[in-house]
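What follows is the content of data-v2.cif (mmCIF, C-alpha atoms and all ligand atoms).
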data_protein
#
loop_
_atom_site.label_atom_id
_atom_site.label_comp_id
_atom_site.auth_asym_id
_atom_site.auth_seq_id
_atom_site.Cartn_x
_atom_site.Cartn_y
_atom_site.Cartn_z
CA MET T 25 15.21 2.70 1.09
CA ILE T 26 13.67 -0.64 0.19
CA LYS T 27 16.12 -3.28 -0.93
CA ILE T 28 15.07 -6.61 -2.39
CA GLU T 29 17.73 -9.14 -3.25
CA LYS T 30 17.18 -12.38 -5.15
CA LEU T 31 13.66 -12.83 -3.86
CA LYS T 32 11.99 -16.11 -4.76
CA LYS T 33 8.31 -16.82 -4.28
CA TYR T 34 6.10 -19.67 -5.36
CA PHE T 35 2.59 -20.92 -4.68
CA GLN T 36 1.83 -24.57 -4.20
CA VAL T 37 -1.47 -25.43 -5.89
CA GLY T 38 -2.17 -29.13 -5.31
CA SER T 39 0.90 -30.96 -6.54
CA GLU T 40 1.89 -28.10 -8.82
CA LYS T 41 4.48 -25.52 -7.83
CA ILE T 42 3.85 -22.19 -9.52
CA GLU T 43 6.92 -19.98 -9.64
CA ILE T 44 6.09 -16.31 -9.44
CA PHE T 45 9.26 -14.46 -8.58
CA THR T 46 12.38 -16.36 -9.46
CA ASN T 47 15.00 -13.67 -9.20
CA LEU T 48 13.53 -10.42 -8.02
CA SER T 49 16.07 -7.73 -7.16
CA LEU T 50 15.04 -4.12 -6.80
CA GLU T 51 16.02 -0.97 -4.93
CA ILE T 52 13.48 1.70 -4.21
CA LYS T 53 14.86 4.91 -2.75
CA THR T 54 13.26 6.86 0.05
CA TRP T 55 11.69 9.63 -2.01
CA ASP T 56 10.76 7.47 -5.02
CA PHE T 57 7.27 7.31 -6.41
CA ILE T 58 6.83 4.23 -8.58
CA ALA T 59 3.86 2.71 -10.34
CA ILE T 60 3.43 -0.97 -11.14
CA ILE T 61 1.21 -1.87 -14.06
CA GLY T 62 0.23 -5.14 -15.69
CA PRO T 63 -2.74 -7.31 -16.55
CA SER T 64 -5.03 -8.91 -13.99
CA GLY T 65 -3.45 -11.91 -12.29
CA SER T 66 0.13 -10.81 -13.01
CA TRP T 67 1.14 -10.97 -9.33
CA LYS T 68 0.98 -7.25 -8.59
CA SER T 69 -0.94 -7.51 -5.31
CA THR T 70 1.16 -10.54 -4.39
CA PHE T 71 4.22 -8.31 -4.71
CA LEU T 72 2.81 -5.62 -2.41
CA ASN T 73 1.98 -8.26 0.18
CA LEU T 74 5.61 -9.40 0.10
CA LEU T 75 6.88 -5.83 0.37
CA SER T 76 4.72 -5.15 3.41
CA TRP T 77 5.73 -8.44 5.01
CA ILE T 78 2.10 -9.54 5.21
CA ASP T 79 3.27 -12.52 3.16
CA ARG T 80 6.51 -13.74 4.66
CA ASP T 81 6.66 -17.01 2.81
CA PHE T 82 9.56 -16.27 0.46
CA ASP T 83 13.29 -16.83 0.03
CA GLY T 84 15.80 -14.05 -0.43
CA LYS T 85 16.39 -10.78 1.30
CA LEU T 86 14.06 -7.87 1.98
CA GLU T 87 15.29 -4.83 3.83
CA ILE T 88 13.52 -1.64 4.73
CA ASP T 89 15.82 1.12 5.97
CA ASN T 90 18.54 -1.47 6.58
CA GLN T 91 16.18 -3.56 8.68
CA ASP T 92 16.09 -7.18 7.53
CA ILE T 93 12.69 -8.80 8.09
CA SER T 94 14.22 -12.13 9.02
CA ASP T 95 15.79 -10.50 12.10
CA LEU T 96 12.41 -9.53 13.57
CA LYS T 97 9.93 -11.45 15.69
CA ASP T 98 6.21 -11.47 14.82
CA ASP T 99 5.20 -8.69 17.22
CA GLU T 100 8.19 -6.58 16.15
CA ILE T 101 7.14 -6.93 12.51
CA THR T 102 3.62 -5.72 13.35
CA LYS T 103 5.06 -2.75 15.22
CA PHE T 104 7.54 -1.92 12.46
CA ARG T 105 4.85 -2.14 9.80
CA GLY T 106 2.47 0.09 11.77
CA LYS T 107 5.10 2.75 12.16
CA ASN T 108 6.55 2.65 8.67
CA ILE T 109 4.04 1.37 6.14
CA SER T 110 0.54 2.46 5.24
CA TYR T 111 -1.36 0.32 2.78
CA ILE T 112 -4.42 1.06 0.69
CA PHE T 113 -5.67 -2.46 0.05
CA GLN T 114 -7.31 -3.42 -3.23
CA ASN T 115 -10.29 -4.75 -1.26
CA PHE T 116 -10.04 -1.89 1.32
CA LYS T 117 -10.09 -4.14 4.43
CA LEU T 118 -12.34 -1.84 6.46
CA VAL T 119 -13.71 -2.99 9.79
CA GLU T 120 -17.34 -3.40 8.75
CA ASN T 121 -18.94 -2.86 12.16
CA LEU T 122 -17.06 0.33 12.90
CA THR T 123 -18.02 3.77 11.64
CA VAL T 124 -16.14 5.69 8.99
CA TRP T 125 -14.57 7.92 11.68
CA GLU T 126 -13.57 4.93 13.81
CA ASN T 127 -12.04 3.08 10.85
CA VAL T 128 -9.80 6.05 10.09
CA ASP T 129 -8.94 6.84 13.69
CA LEU T 130 -8.46 3.38 15.18
CA ILE T 131 -4.90 2.43 14.23
CA VAL T 132 -3.42 5.85 14.67
CA GLU T 133 -4.89 6.27 18.16
CA LEU T 134 -4.20 2.70 19.31
CA ASN T 135 -0.55 2.97 18.38
CA ASN T 136 -0.08 6.62 19.20
CA LEU T 137 1.31 7.35 15.73
CA GLU T 138 2.38 10.70 14.34
CA ARG T 139 -0.38 12.31 12.30
CA ASN T 140 -0.51 14.11 8.96
CA PHE T 141 -4.09 15.19 9.65
CA SER T 142 -6.71 15.03 12.33
CA THR T 143 -9.35 12.41 11.53
CA ASP T 144 -11.92 15.17 10.85
CA GLU T 145 -9.52 16.98 8.50
CA ILE T 146 -8.75 13.98 6.33
CA LEU T 147 -12.43 12.99 6.18
CA LYS T 148 -13.21 16.50 4.92
CA ILE T 149 -10.50 16.25 2.24
CA VAL T 150 -11.86 12.96 0.90
CA GLY T 151 -15.43 14.33 1.05
CA LEU T 152 -16.79 12.06 3.78
CA SER T 153 -17.50 14.44 6.67
CA SER T 154 -21.23 13.88 6.37
CA LYS T 155 -20.73 10.09 6.52
CA LYS T 156 -18.44 9.98 9.52
CA ASP T 157 -20.94 8.19 11.78
CA VAL T 158 -22.07 5.69 9.15
CA TYR T 159 -21.02 2.05 9.63
CA ALA T 160 -18.58 0.77 7.02
CA PHE T 161 -20.96 -1.99 5.86
CA HIS T 162 -23.43 0.69 4.65
CA LEU T 163 -20.93 2.40 2.36
CA SER T 164 -20.81 2.34 -1.41
CA TRP T 165 -17.73 0.94 -3.12
CA GLY T 166 -16.28 4.37 -3.91
CA GLU T 167 -16.96 5.62 -0.37
CA SER T 168 -15.22 2.53 1.04
CA GLN T 169 -12.19 3.27 -1.09
CA ARG T 170 -12.11 6.85 0.15
CA VAL T 171 -12.18 5.62 3.77
CA ALA T 172 -9.28 3.27 2.98
CA ILE T 173 -7.39 6.23 1.51
CA ALA T 174 -8.15 8.46 4.51
CA ARG T 175 -6.95 5.72 6.85
CA ALA T 176 -3.68 5.38 4.93
CA PHE T 177 -3.01 9.12 4.89
CA VAL T 178 -4.07 10.14 8.37
CA TRP T 179 -0.76 9.17 9.91
CA LYS T 180 2.77 9.83 8.84
CA THR T 181 4.55 6.81 7.40
CA LYS T 182 7.69 6.53 5.34
CA ILE T 183 6.14 4.15 2.84
CA LEU T 184 2.77 4.20 1.13
CA LEU T 185 1.64 1.05 -0.67
CA ALA T 186 -1.44 1.61 -2.79
CA ASP T 187 -3.21 -1.16 -4.67
CA GLU T 188 -5.30 0.49 -7.38
CA PRO T 189 -6.17 3.38 -5.06
CA THR T 190 -8.47 5.16 -7.51
CA GLY T 191 -10.06 2.07 -9.09
CA ALA T 192 -13.51 2.77 -7.61
CA LEU T 193 -13.54 6.56 -7.93
CA ASP T 194 -15.22 9.01 -10.30
CA SER T 195 -13.04 11.61 -12.02
CA LYS T 196 -13.70 14.36 -9.45
CA ASN T 197 -12.70 12.17 -6.51
CA LYS T 198 -9.80 10.69 -8.45
CA LYS T 199 -8.39 14.20 -8.98
CA ILE T 200 -8.73 14.98 -5.24
CA ILE T 201 -6.85 11.79 -4.34
CA MET T 202 -4.14 12.25 -6.96
CA ASP T 203 -3.53 15.81 -5.70
CA LEU T 204 -3.38 14.53 -2.12
CA ILE T 205 -0.87 11.81 -3.01
CA LEU T 206 1.36 14.35 -4.78
CA GLU T 207 1.06 16.93 -1.99
CA LEU T 208 2.08 14.42 0.67
CA HIS T 209 4.90 13.05 -1.45
CA LYS T 210 6.30 16.58 -1.71
CA LYS T 211 5.71 17.42 1.92
CA ILE T 212 6.71 14.28 3.82
CA LYS T 213 9.02 12.83 1.15
CA ASN T 214 7.61 9.33 1.50
CA THR T 215 8.20 6.34 -0.73
CA ILE T 216 5.14 5.58 -2.84
CA ILE T 217 4.52 2.31 -4.61
CA THR T 218 1.22 2.18 -6.38
CA ILE T 219 -0.37 -0.46 -8.52
CA THR T 220 -2.63 1.02 -11.14
CA HIS T 221 -4.53 0.28 -14.32
CA ASP T 222 -5.03 4.00 -14.84
CA ASP T 223 -2.64 5.88 -17.17
CA GLU T 224 -3.28 9.19 -15.42
CA VAL T 225 -2.20 7.75 -12.07
CA ALA T 226 0.80 5.96 -13.62
CA LYS T 227 1.93 9.26 -15.17
CA LEU T 228 2.21 10.83 -11.72
CA ALA T 229 4.97 8.37 -10.87
CA GLN T 230 8.64 8.96 -11.54
CA GLU T 231 9.10 5.44 -12.86
CA ILE T 232 6.83 2.70 -14.15
CA TYR T 233 7.50 -1.02 -13.60
CA LYS T 234 5.85 -4.24 -14.59
CA VAL T 235 6.09 -7.81 -13.36
CA TRP T 236 7.98 -9.72 -16.01
CA ASP T 237 9.50 -13.16 -16.18
CA GLY T 238 9.93 -13.68 -12.43
CA ASP T 239 11.24 -10.17 -11.88
CA ILE T 240 9.96 -6.60 -11.72
CA ILE T 241 11.40 -4.43 -14.45
CA LYS T 242 11.37 -0.77 -15.36
CA ILE T 243 9.58 0.04 -18.61
N1 LIG B 301 -2.05 -18.37 -1.88
C1 LIG B 301 -2.21 -18.52 -3.19
N2 LIG B 301 -2.04 -19.75 -3.74
C2 LIG B 301 -2.18 -19.92 -5.08
N3 LIG B 301 -2.47 -18.94 -5.95
C3 LIG B 301 -2.64 -17.70 -5.45
C4 LIG B 301 -2.54 -17.42 -4.05
N4 LIG B 301 -2.75 -16.09 -3.86
C5 LIG B 301 -2.99 -15.56 -5.08
N5 LIG B 301 -2.94 -16.52 -6.03
C6 LIG B 301 -3.13 -16.33 -7.49
O1 LIG B 301 -2.11 -15.50 -7.94
C7 LIG B 301 -2.51 -14.80 -9.10
C8 LIG B 301 -2.06 -13.38 -9.00
O2 LIG B 301 -2.80 -12.71 -7.99
P1 LIG B 301 -2.61 -11.17 -7.67
O3 LIG B 301 -3.72 -10.81 -6.75
O4 LIG B 301 -1.22 -10.90 -7.22
O5 LIG B 301 -2.82 -10.50 -9.13
P2 LIG B 301 -2.95 -8.98 -9.55
O6 LIG B 301 -1.88 -8.72 -10.57
O7 LIG B 301 -2.97 -8.11 -8.35
O8 LIG B 301 -4.35 -8.96 -10.29
P3 LIG B 301 -5.50 -7.84 -10.35
O9 LIG B 301 -5.02 -6.80 -11.35
O10 LIG B 301 -6.68 -8.59 -10.83
O11 LIG B 301 -5.68 -7.28 -8.97
C9 LIG B 301 -4.01 -15.00 -9.20
O12 LIG B 301 -4.28 -15.84 -10.27
C10 LIG B 301 -4.40 -15.59 -7.86
O13 LIG B 301 -5.48 -16.47 -7.95
MG MG B 302 -4.39 -7.01 -7.46
#

Kindly transcribe the structure held in the file into structure tokens.
Amino acid sequence: MIKIEKLKKYFQVGSEKIEIFTNLSLEIKTWDFIAIIGPSGSWKSTFLNLLSWIDRDFDGKLEIDNQDISDLKDDEITKFRGKNISYIFQNFKLVENLTVWENVDLIVELNNLERNFSTDEILKIVGLSSKKDVYAFHLSWGESQRVAIARAFVWKTKILLADEPTGALDSKNKKIIMDLILELHKKIKNTIITITHDDEVAKLAQEIYKVWDGDIIKI
């Protein structure tokens, strides 16, 4: 369960204070699958960064499974995040000078995390077996996105955050990824929060939200 209470967030741009979330309260249950939609620049990625505690510069309360972020030290937050949250970043955040296989395998092996798949298995599912020894900087945009997806799914986490996970994919690969997301949701009963501009992806979700007037509301 993710619980957000009266979250406030603003950016300081020069002398101007831009208020983004003024009164954000939201509960997301353990087996929920929600989609967040909205135009470009409407603070969607900002919201995921708050949820994952990458951005900790906010007021209010954020709890994940009754754990309040403000009670944790920096290294504990990193550990907690690694164990509980996987994140498909909008800009993928691959390690450019590592291979496809190494990018997918690195975090799970370093932290000895519980797996959903072996690295070879997940690379086969996303259609990248033949590219496993290729360095990330040689990949196309769509291939990079599939590596980011493989990395997020290879280990078992309670929460999946996905920032436009199919934005760079053709329809065949999009279908493979949508099926994979649904299969894992059914099997490991994770919480899924995905940002999407794609109606087909949004329709997979149980509920659709949008950022509105300092809050996130169901539509
Ligand atoms: N640290 C910051 N300081 C000031 N403004 C910021 C900062 N980080 C992001 N922004 C601005 O916040 C706005 C919202 O950004 P965000 O990435 O959350 O939008 P988004 O809804 O994910 O958009 P898109 O659909 O294009 O991905 C943007 O205009 C961005 O420039
Ligand atoms: Mg974004």

Quiz item: Near region 117-129 of chain T, within 12 Å and counting all atoms listed in the file, which residues show up once chain neighbours fewer than 5 positions away are dropped, as an MDAnalysis selection string?
Solution: chainID T and resid 110:112 134:139 141:148 150:165 167:179 187

Exercise. All residues within 7 Å of ligand MG 302 (chain B) are required, counting only C-alpha atoms and all ligand atoms; please report them as a ChimeraX atom specification.
Key: /T:64-65,68-69,114,187

For the residues in the current selection, export C-alpha atoms as a PDB file, in the frame of the given file.
ATOM      1  CA  SER T  64      -5.030  -8.910 -13.990  1.00  0.00           C
ATOM      2  CA  GLY T  65      -3.450 -11.910 -12.290  1.00  0.00           C
ATOM      3  CA  LYS T  68       0.980  -7.250  -8.590  1.00  0.00           C
ATOM      4  CA  SER T  69      -0.940  -7.510  -5.310  1.00  0.00           C
ATOM      5  CA  GLN T 114      -7.310  -3.420  -3.230  1.00  0.00           C
ATOM      6  CA  ASP T 187      -3.210  -1.160  -4.670  1.00  0.00           C
TER       7      ASP T 187
END

Exercise. Fewer than 2 positions away in the same chain doesn't count, so skip those; otherwise give me all residues within 8 Å of Leu50 (chain T), counting all atoms listed in the file, as a ChimeraX atom specification.
Key: /T:26-29,48,52,240

Atoms to include: C-alpha atoms. Write the selected residues as a JSON list (two decimals), in the frame of the given file.
[["chain", "number", "residue", "atom", "x", "y", "z"],
["T", 26, "ILE", "CA", 13.67, -0.64, 0.19],
["T", 27, "LYS", "CA", 16.12, -3.28, -0.93],
["T", 28, "ILE", "CA", 15.07, -6.61, -2.39],
["T", 29, "GLU", "CA", 17.73, -9.14, -3.25],
["T", 48, "LEU", "CA", 13.53, -10.42, -8.02],
["T", 52, "ILE", "CA", 13.48, 1.70, -4.21],
["T", 240, "ILE", "CA", 9.96, -6.60, -11.72]]

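In this comparison, which uses all atoms listed in the file, the residue of T:Glu100, T:Ile131, T:Ala59, T:Lys32 approaching Lys227 (chain T) most closely is T:Ala59.
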
Self-check item: Surrounding residues as a VMD selection string, ligand LIG 301 (chain B), max 9 Å, all atoms listed in the file
Solution: chain T and resid 34 to 37 42 44 61 to 73 114 187 to 188 219 to 221 235

Please define a box with edges along x, y and z of the file around all atoms of region 102-112 of chain T given in the file, extend it by 4 Å on each side, and return its centre and edge lengths in Å to one decimal, as JSON.
{"center_x": 1.6, "center_y": -1.5, "center_z": 8.0, "size_x": 20.0, "size_y": 16.5, "size_z": 22.5}

Exercise. Counting all atoms listed in the file, figure out which residue out of T:Phe104, T:Leu208, T:Asp237, T:Ile149 gets nearest to Glu43 (chain T).
Key: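 Checking each of T:Phe104, T:Leu208, T:Asp237, T:Ile149 against Glu43 (chain T), counting all atoms listed in the file, the winner is T:Asp237.
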
Practice problem: Just give me the gap between CA of Leu193 (chain T) and CA of Lys53 (chain T) in Å, one decimal is fine. | Solution: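 Taking CA of Leu193 (chain T) and CA of Lys53 (chain T), their separation equals 28.9 Å.
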
Quiz item: What is the distance between CA of Lys103 (chain T) and CA of Ile205 (chain T), in Å to one decimal?
Solution: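 Between CA of Lys103 (chain T) and CA of Ile205 (chain T) the gap works out to 24.1 Å.
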
Exercise. Kindly give the distance, in Å, that separates CA of Ile201 (chain T) and CA of Asp223 (chain T), rounded to a single decimal.
Key: 14.7 Å

Quiz item: Please, which residues are within 6 Å of (9.2, 3.4, -8.1) by the file's coordinates, counting all atoms listed in the file, and could they come as a list in words?
Solution: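 Residues lying no farther than 6 Å from the given point: Asp56, Phe57, Ile58, Ala59, Ile217 and Glu231 of chain T.
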
Quiz item: Taking (17.8, -14.8, -2.1) in the file's coordinates as the center, which residues reach within 10 Å of it, counting all atoms listed in the file, put as a list in words?
Solution: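 Within the cut-off we find Ile28, Glu29, Lys30, Leu31, Lys32, Lys33, Thr46, Asn47, Leu48, Ser49, Phe82, Asp83, Gly84, Lys85 and Leu86 of chain T.
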
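You can rank T:Ala226, T:Ala186, T:Leu74, T:Ile93 by their closest distance to Phe45 (chain T) using only C-alpha atoms, and at the top of that list sits T:Leu74.
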
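Proximity ranking of T:Gly38, T:Thr218, T:Glu207, T:Glu133 relative to Lys234 (chain T) places T:Thr218 first, based on all atoms listed in the file.
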
Quiz prompt | Among listed residues T:Leu96, T:Val225, T:Pro189, T:Met25, nearest Glu51 (chain T) (using all atoms listed in the file) | solution =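 Closest candidate: T:Met25.
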
Quiz prompt | For Tyr233 (chain T): contacts at 6 Å, only C-alpha atoms, fewer than 4 positions along chain excluded, given as a list in words | solution =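 Neighbouring residues, sequence-local ones excluded: Ile60, Ile241, Lys242 and Ile243 of chain T.
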
Exercise. Between T:Thr181, T:Ser39, T:Asn140, T:Ser76, single out the one closest to Lys107 (chain T), counting only C-alpha atoms.
Key: T:Thr181
